[in-house]
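K.L.:
Handing you this structure, nothing more for now.
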Amino acid sequence: MIRTSKHALQTQCCLMFVLLFCVPIAPLSSAGHGHNHGTNSDANFPFSFDQEQGINILGMLELSGESQFQLRDATWSLSDITRINEPLLQGDYLSAVFPMSEGYFWELSVNVSDYECTCVIEISFPGPNEALHVHPLFVYIGSNNHQPILLPTDFEHNFGHMRNGSSQDNGQAGVMIQEDDQWDLQLNPLIGRLVEFNFITPNGDLNGSMLKADVCQAPYGVCLDEGITITLNSELQENILSVQLNSSLVNDEEGIWKFSFFAQDSLLRTSFQQDMLFIYDTTSPSLVINMDSSAGEHEQLSVFSEVMDGYTGSFVQETWKITLPNGSVRAPLSSELIDASHLVLNFSQSGQYTLELKGRDKVGNMNSTSVQFNIINQNPVAVISIDGLTTKNDQTVQMNVGGNWSILATDSYDNEAIDYLWIIGSSTSIRGVESLTFDDFKSAGTYSVELIVFDDDGSTNSTSIQLEIQVNDEVGSSGPNIGVVTFVGLVLFVAISSISYLIFNKKDTVSLPKWSATNPMVSPPSESVDEDLNDATIEEASALG
């Protein structure tokens, strides 16, 4: 209903009179319900227009309605739906707001005589939770540039989101789907889907109207090809166009499909498109696990999965489950999960394991597969060492009584922690220690010493030695005495040194002393001696006559 200024003034005076004399002074509840005027009032969005969607306006646009919220900060804007983000007119307040027993009555007057368009006027205000409430009313202003309007049935409750997500390249007032994460695409199942739209025409005549759609494969929200335009077998009741979708609309081909719906009125004028994504998928995903059938303890085991769902843009949510040899079940640890299709496992417990993979596609079709694998235990190895010397099995080792020696098991090895057991003779056992000393034997004698190592799976290995603990003199009789050897070596060294000195310091000729009869110390006069008689014996014989 369109009010004149005079009529509006009379209404205001009457309301003021009622408020002054009939309404008790009390706080107004924002949770109450106003009268159901127009088409936009419910408990979640308590705001209404008195006017119907698609009214025709010439000159002054007179609007009114009710609200459960205070409208102190309400604003309004008027936009052509072809350029919805470029307001033709806007204002920071409504023309009038009157308190009522349950809520508020409001009015807005706007001169639109200079415009001809299919337009939308929006009234916005913050709610109690500071969220912005946006309430639209579609109006036909003037007599030209009018076209039918196709809207989702819940557009009045979600128009703020629709407006912010509207496509600007083609003027479509539709909801754009985020494509960053394909699992989060707002997909609708195609089979059995009932789609309904509000249909508004300039003259209010819905006869001869039809619903059409441009259909294409769009795995990521964007068409892979041009697609086709089809006329849908729709039904029209009051101002609601509805259609039941089925797989024949996509030729029974699985995939993600984009339907761009639009309506056409009896004068062949078309509305802007409303885009929706649908998925048609009737088969379960195919799952394969690739891995080795066995591995050793603490050996890295890589697992890969192959998942297929049969069409471009498919996505399967994978869930892993591990059953341990003791029967307990767990999910992979964060350190084991490289990504959804790749695991790296490393087990310390031997036995048979079961790995199960479940897959769920976008429409809820599920499948599962599992494999069994073995973790093989590695037996430990026992090693006895003495002061850094590694012994052999059954080797005889001689040590001194009270010596500072130790028998070690620390060179034993496994790929996991091991425990030690020493068996001395046939009556003594010592467990959990890494070494033995003379204190573990107490006296001289011959002992059999066996080392047994255990891993956490109960596997064992052993080695043994014969240990002879002797007193010092006994140890000496069993071999050369170090002191004797040292003395003999020293004597030989002195003798060899003396002989060497005499040899290398000998003169080439030796002169024997000359003796005389009267004075043995005085040499006789020299005589010529034949060189052939140069002999001390001969000369001595001549001197004696």
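Chain labels run A, B, ... following the order of the structure tokens; each chain numbers its residues from 1, and ligands are numbered from 1 in the order shown.
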Find the residues around segment 138-143 of chain A up to 12 Å (only C-alpha atoms counted), leave out those fewer than 4 positions away in its own chain, and share them as number ranges by chain.
P.N.:
A: 39, 49, 51-63, 77-81, 84, 110-123, 147-151, 155-156, 159, 198-204
K.L.:
Just want the 8 Å neighbourhood of segment 350-355 of chain A, counted on only C-alpha atoms, with same-chain residues fewer than 2 positions away dropped. Output as a short mmCIF file (atom, residue, chain, number, x, y, z; two decimals) with all heavy atoms, in the first residue's frame.
P.N.:
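Saved as part-v3.cif:
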data_model
loop_
_atom_site.label_atom_id
_atom_site.label_comp_id
_atom_site.auth_asym_id
_atom_site.auth_seq_id
_atom_site.Cartn_x
_atom_site.Cartn_y
_atom_site.Cartn_z
N GLY A 296 61.62 -55.00 8.86
CA GLY A 296 62.23 -55.30 10.14
C GLY A 296 61.83 -54.30 11.20
O GLY A 296 61.26 -53.24 10.92
N GLU A 297 62.11 -54.66 12.44
CA GLU A 297 61.84 -53.74 13.54
C GLU A 297 62.66 -52.47 13.35
O GLU A 297 63.83 -52.51 12.96
CB GLU A 297 62.19 -54.40 14.88
CG GLU A 297 61.28 -55.54 15.26
CD GLU A 297 61.71 -56.19 16.56
OE1 GLU A 297 62.92 -56.33 16.78
OE2 GLU A 297 60.83 -56.56 17.35
N TRP A 320 42.60 -43.58 7.66
CA TRP A 320 43.44 -44.75 7.90
C TRP A 320 43.18 -45.32 9.29
O TRP A 320 42.89 -44.59 10.23
CB TRP A 320 44.91 -44.38 7.78
CG TRP A 320 45.33 -43.91 6.42
CD1 TRP A 320 45.33 -42.63 5.96
CD2 TRP A 320 45.83 -44.70 5.34
NE1 TRP A 320 45.79 -42.57 4.67
CE2 TRP A 320 46.10 -43.84 4.26
CE3 TRP A 320 46.06 -46.08 5.19
CZ2 TRP A 320 46.61 -44.30 3.05
CZ3 TRP A 320 46.57 -46.53 3.98
CH2 TRP A 320 46.84 -45.65 2.93
N LYS A 321 43.37 -46.65 9.42
CA LYS A 321 43.25 -47.32 10.72
C LYS A 321 44.28 -48.44 10.78
O LYS A 321 44.43 -49.22 9.83
CB LYS A 321 41.83 -47.88 10.90
CG LYS A 321 41.60 -48.52 12.27
CD LYS A 321 40.14 -48.91 12.44
CE LYS A 321 39.74 -50.05 11.53
NZ LYS A 321 38.36 -50.52 11.81
N ILE A 322 45.01 -48.52 11.91
CA ILE A 322 46.06 -49.52 12.09
C ILE A 322 45.66 -50.46 13.23
O ILE A 322 45.34 -50.00 14.33
CB ILE A 322 47.41 -48.86 12.42
CG1 ILE A 322 47.80 -47.86 11.32
CG2 ILE A 322 48.50 -49.90 12.60
CD1 ILE A 322 49.02 -47.03 11.67
N THR A 323 45.68 -51.77 12.96
CA THR A 323 45.43 -52.76 14.00
C THR A 323 46.77 -53.40 14.37
O THR A 323 47.45 -53.99 13.52
CB THR A 323 44.46 -53.85 13.50
OG1 THR A 323 43.23 -53.22 13.10
CG2 THR A 323 44.16 -54.84 14.60
N LEU A 324 47.16 -53.30 15.66
CA LEU A 324 48.43 -53.79 16.14
C LEU A 324 48.36 -55.29 16.43
O LEU A 324 47.26 -55.87 16.51
CB LEU A 324 48.83 -53.03 17.40
CG LEU A 324 48.86 -51.49 17.27
CD1 LEU A 324 49.28 -50.86 18.58
CD2 LEU A 324 49.79 -51.07 16.14
N PRO A 325 49.52 -55.96 16.60
CA PRO A 325 49.50 -57.41 16.85
C PRO A 325 48.72 -57.80 18.09
O PRO A 325 48.17 -58.90 18.15
CB PRO A 325 51.00 -57.74 17.00
CG PRO A 325 51.70 -56.69 16.21
CD PRO A 325 50.89 -55.46 16.38
N PHE A 347 57.81 -49.51 13.27
CA PHE A 347 57.34 -50.24 14.44
C PHE A 347 58.50 -50.94 15.13
O PHE A 347 59.42 -51.46 14.47
CB PHE A 347 56.29 -51.28 14.03
CG PHE A 347 55.04 -50.67 13.44
CD1 PHE A 347 54.79 -50.73 12.08
CD2 PHE A 347 54.12 -50.04 14.26
CE1 PHE A 347 53.64 -50.18 11.54
CE2 PHE A 347 52.96 -49.48 13.73
CZ PHE A 347 52.73 -49.55 12.37
N SER A 348 58.44 -50.99 16.45
CA SER A 348 59.45 -51.69 17.25
C SER A 348 58.97 -53.06 17.71
O SER A 348 59.76 -53.87 18.19
CB SER A 348 59.84 -50.86 18.47
OG SER A 348 58.70 -50.64 19.31
N LEU A 357 42.12 -48.75 4.92
CA LEU A 357 41.86 -47.45 4.32
C LEU A 357 40.39 -47.36 3.95
O LEU A 357 39.86 -48.24 3.26
CB LEU A 357 42.72 -47.25 3.07
CG LEU A 357 42.43 -46.01 2.22
CD1 LEU A 357 42.69 -44.73 3.04
CD2 LEU A 357 43.26 -46.01 0.95
N SER A 370 41.91 -53.18 2.84
CA SER A 370 42.89 -53.39 3.90
C SER A 370 43.98 -54.33 3.43
O SER A 370 43.77 -55.14 2.51
CB SER A 370 42.21 -53.93 5.16
OG SER A 370 41.66 -55.21 4.92
N VAL A 371 45.14 -54.24 4.06
CA VAL A 371 46.26 -55.15 3.79
C VAL A 371 46.86 -55.57 5.12
O VAL A 371 46.77 -54.86 6.13
CB VAL A 371 47.34 -54.49 2.91
CG1 VAL A 371 46.80 -54.16 1.54
CG2 VAL A 371 47.89 -53.24 3.58
N GLN A 372 47.48 -56.76 5.13
CA GLN A 372 48.21 -57.24 6.29
C GLN A 372 49.70 -57.27 5.97
O GLN A 372 50.10 -57.59 4.84
CB GLN A 372 47.73 -58.64 6.70
CG GLN A 372 46.32 -58.66 7.28
CD GLN A 372 45.91 -60.03 7.75
OE1 GLN A 372 46.41 -61.05 7.26
NE2 GLN A 372 45.01 -60.09 8.72
N PHE A 373 50.52 -56.93 6.94
CA PHE A 373 51.97 -56.95 6.76
C PHE A 373 52.62 -57.39 8.06
O PHE A 373 52.01 -57.31 9.14
CB PHE A 373 52.49 -55.58 6.32
CG PHE A 373 52.22 -54.48 7.30
CD1 PHE A 373 53.17 -54.10 8.24
CD2 PHE A 373 51.01 -53.79 7.29
CE1 PHE A 373 52.93 -53.08 9.14
CE2 PHE A 373 50.76 -52.77 8.19
CZ PHE A 373 51.72 -52.42 9.12
N ASN A 374 53.85 -57.88 7.95
CA ASN A 374 54.56 -58.42 9.10
C ASN A 374 55.77 -57.55 9.44
O ASN A 374 56.49 -57.09 8.54
CB ASN A 374 55.04 -59.85 8.82
CG ASN A 374 53.88 -60.83 8.70
OD1 ASN A 374 53.02 -60.87 9.56
ND2 ASN A 374 53.86 -61.60 7.62
N ILE A 375 55.97 -57.35 10.73
CA ILE A 375 57.19 -56.73 11.23
C ILE A 375 58.03 -57.86 11.82
O ILE A 375 57.59 -58.56 12.75
CB ILE A 375 56.89 -55.66 12.28
CG1 ILE A 375 56.06 -54.54 11.65
CG2 ILE A 375 58.17 -55.10 12.86
CD1 ILE A 375 56.74 -53.83 10.50
N ILE A 376 59.21 -58.08 11.25
CA ILE A 376 60.05 -59.22 11.60
C ILE A 376 61.06 -58.81 12.66
O ILE A 376 61.76 -57.79 12.52
CB ILE A 376 60.77 -59.75 10.35
CG1 ILE A 376 59.73 -60.15 9.29
CG2 ILE A 376 61.67 -60.92 10.70
CD1 ILE A 376 60.34 -60.50 7.95
N ASN A 377 61.15 -59.65 13.70
CA ASN A 377 62.09 -59.36 14.78
C ASN A 377 63.51 -59.71 14.37
O ASN A 377 63.76 -60.74 13.75
CB ASN A 377 61.71 -60.17 16.03
CG ASN A 377 62.66 -59.92 17.18
OD1 ASN A 377 62.88 -58.78 17.55
ND2 ASN A 377 63.23 -60.98 17.73
N ASP A 457 61.22 -58.87 22.47
CA ASP A 457 60.35 -59.91 21.92
C ASP A 457 60.69 -61.28 22.48
O ASP A 457 60.10 -62.28 22.06
CB ASP A 457 60.45 -59.93 20.40
CG ASP A 457 59.87 -58.68 19.78
OD1 ASP A 457 58.66 -58.47 19.92
OD2 ASP A 457 60.63 -57.90 19.17
#
K.L.:
Show which residues sit within 8 Å of Thr437 of chain A, as a PDB file with N, CA, C and O atoms, in the first residue's frame. Count only C-alpha atoms, and ignore same-chain residues fewer than 3 positions away.
P.N.:
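Contents of selection-v2.pdb, freshly written:
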ATOM      1  N   ASN A 404      93.060 -54.758  37.645  1.00  0.00           N
ATOM      2  CA  ASN A 404      92.068 -53.738  37.285  1.00  0.00           C
ATOM      3  C   ASN A 404      91.518 -54.034  35.891  1.00  0.00           C
ATOM      4  O   ASN A 404      91.732 -53.284  34.953  1.00  0.00           O
ATOM      5  N   TRP A 405      90.850 -55.138  35.773  1.00  0.00           N
ATOM      6  CA  TRP A 405      90.286 -55.550  34.490  1.00  0.00           C
ATOM      7  C   TRP A 405      88.769 -55.714  34.621  1.00  0.00           C
ATOM      8  O   TRP A 405      88.225 -55.845  35.719  1.00  0.00           O
ATOM      9  N   SER A 406      88.080 -55.715  33.469  1.00  0.00           N
ATOM     10  CA  SER A 406      86.625 -55.874  33.446  1.00  0.00           C
ATOM     11  C   SER A 406      86.226 -56.619  32.186  1.00  0.00           C
ATOM     12  O   SER A 406      86.875 -56.518  31.141  1.00  0.00           O
ATOM     13  N   ILE A 407      85.174 -57.402  32.311  1.00  0.00           N
ATOM     14  CA  ILE A 407      84.598 -58.158  31.182  1.00  0.00           C
ATOM     15  C   ILE A 407      83.305 -57.442  30.790  1.00  0.00           C
ATOM     16  O   ILE A 407      82.382 -57.321  31.609  1.00  0.00           O
ATOM     17  N   ASP A 440      83.506 -59.992  41.184  1.00  0.00           N
ATOM     18  CA  ASP A 440      82.427 -60.947  40.932  1.00  0.00           C
ATOM     19  C   ASP A 440      82.922 -62.402  41.001  1.00  0.00           C
ATOM     20  O   ASP A 440      82.101 -63.326  40.949  1.00  0.00           O
ATOM     21  N   PHE A 441      84.265 -62.591  41.111  1.00  0.00           N
ATOM     22  CA  PHE A 441      84.824 -63.947  41.174  1.00  0.00           C
ATOM     23  C   PHE A 441      85.487 -64.240  42.523  1.00  0.00           C
ATOM     24  O   PHE A 441      85.505 -65.386  42.986  1.00  0.00           O
TER      25      PHE A 441
END
K.L.:
For segment 458-473 of chain A, find every residue with an atom within 8 Å (counting only C-alpha atoms), except residues of its own chain fewer than 4 positions away, and show them as a ChimeraX atom specification.
P.N.:
/A:379-384,391-401,443-454,477
K.L.:
Name the closest residue to Val134 of chain A among the candidates A:Val243, A:Ala74, A:Leu88, A:Leu421; distances are taken between atoms, counting only C-alpha atoms.
P.N.:
A:Ala74
K.L.:
Can you measure atom CA of Leu337 of chain A to atom CA of Glu416 of chain A for me? One decimal in Å is fine.
P.N.:
23.3 Å
K.L.:
Quick check, in Å to one decimal: how far apart do atom CA of Val222 of chain A and atom CA of Gln317 of chain A lie?
P.N.:
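Computing the Euclidean distance for atom CA of Val222 of chain A and atom CA of Gln317 of chain A yields 22.3 Å.
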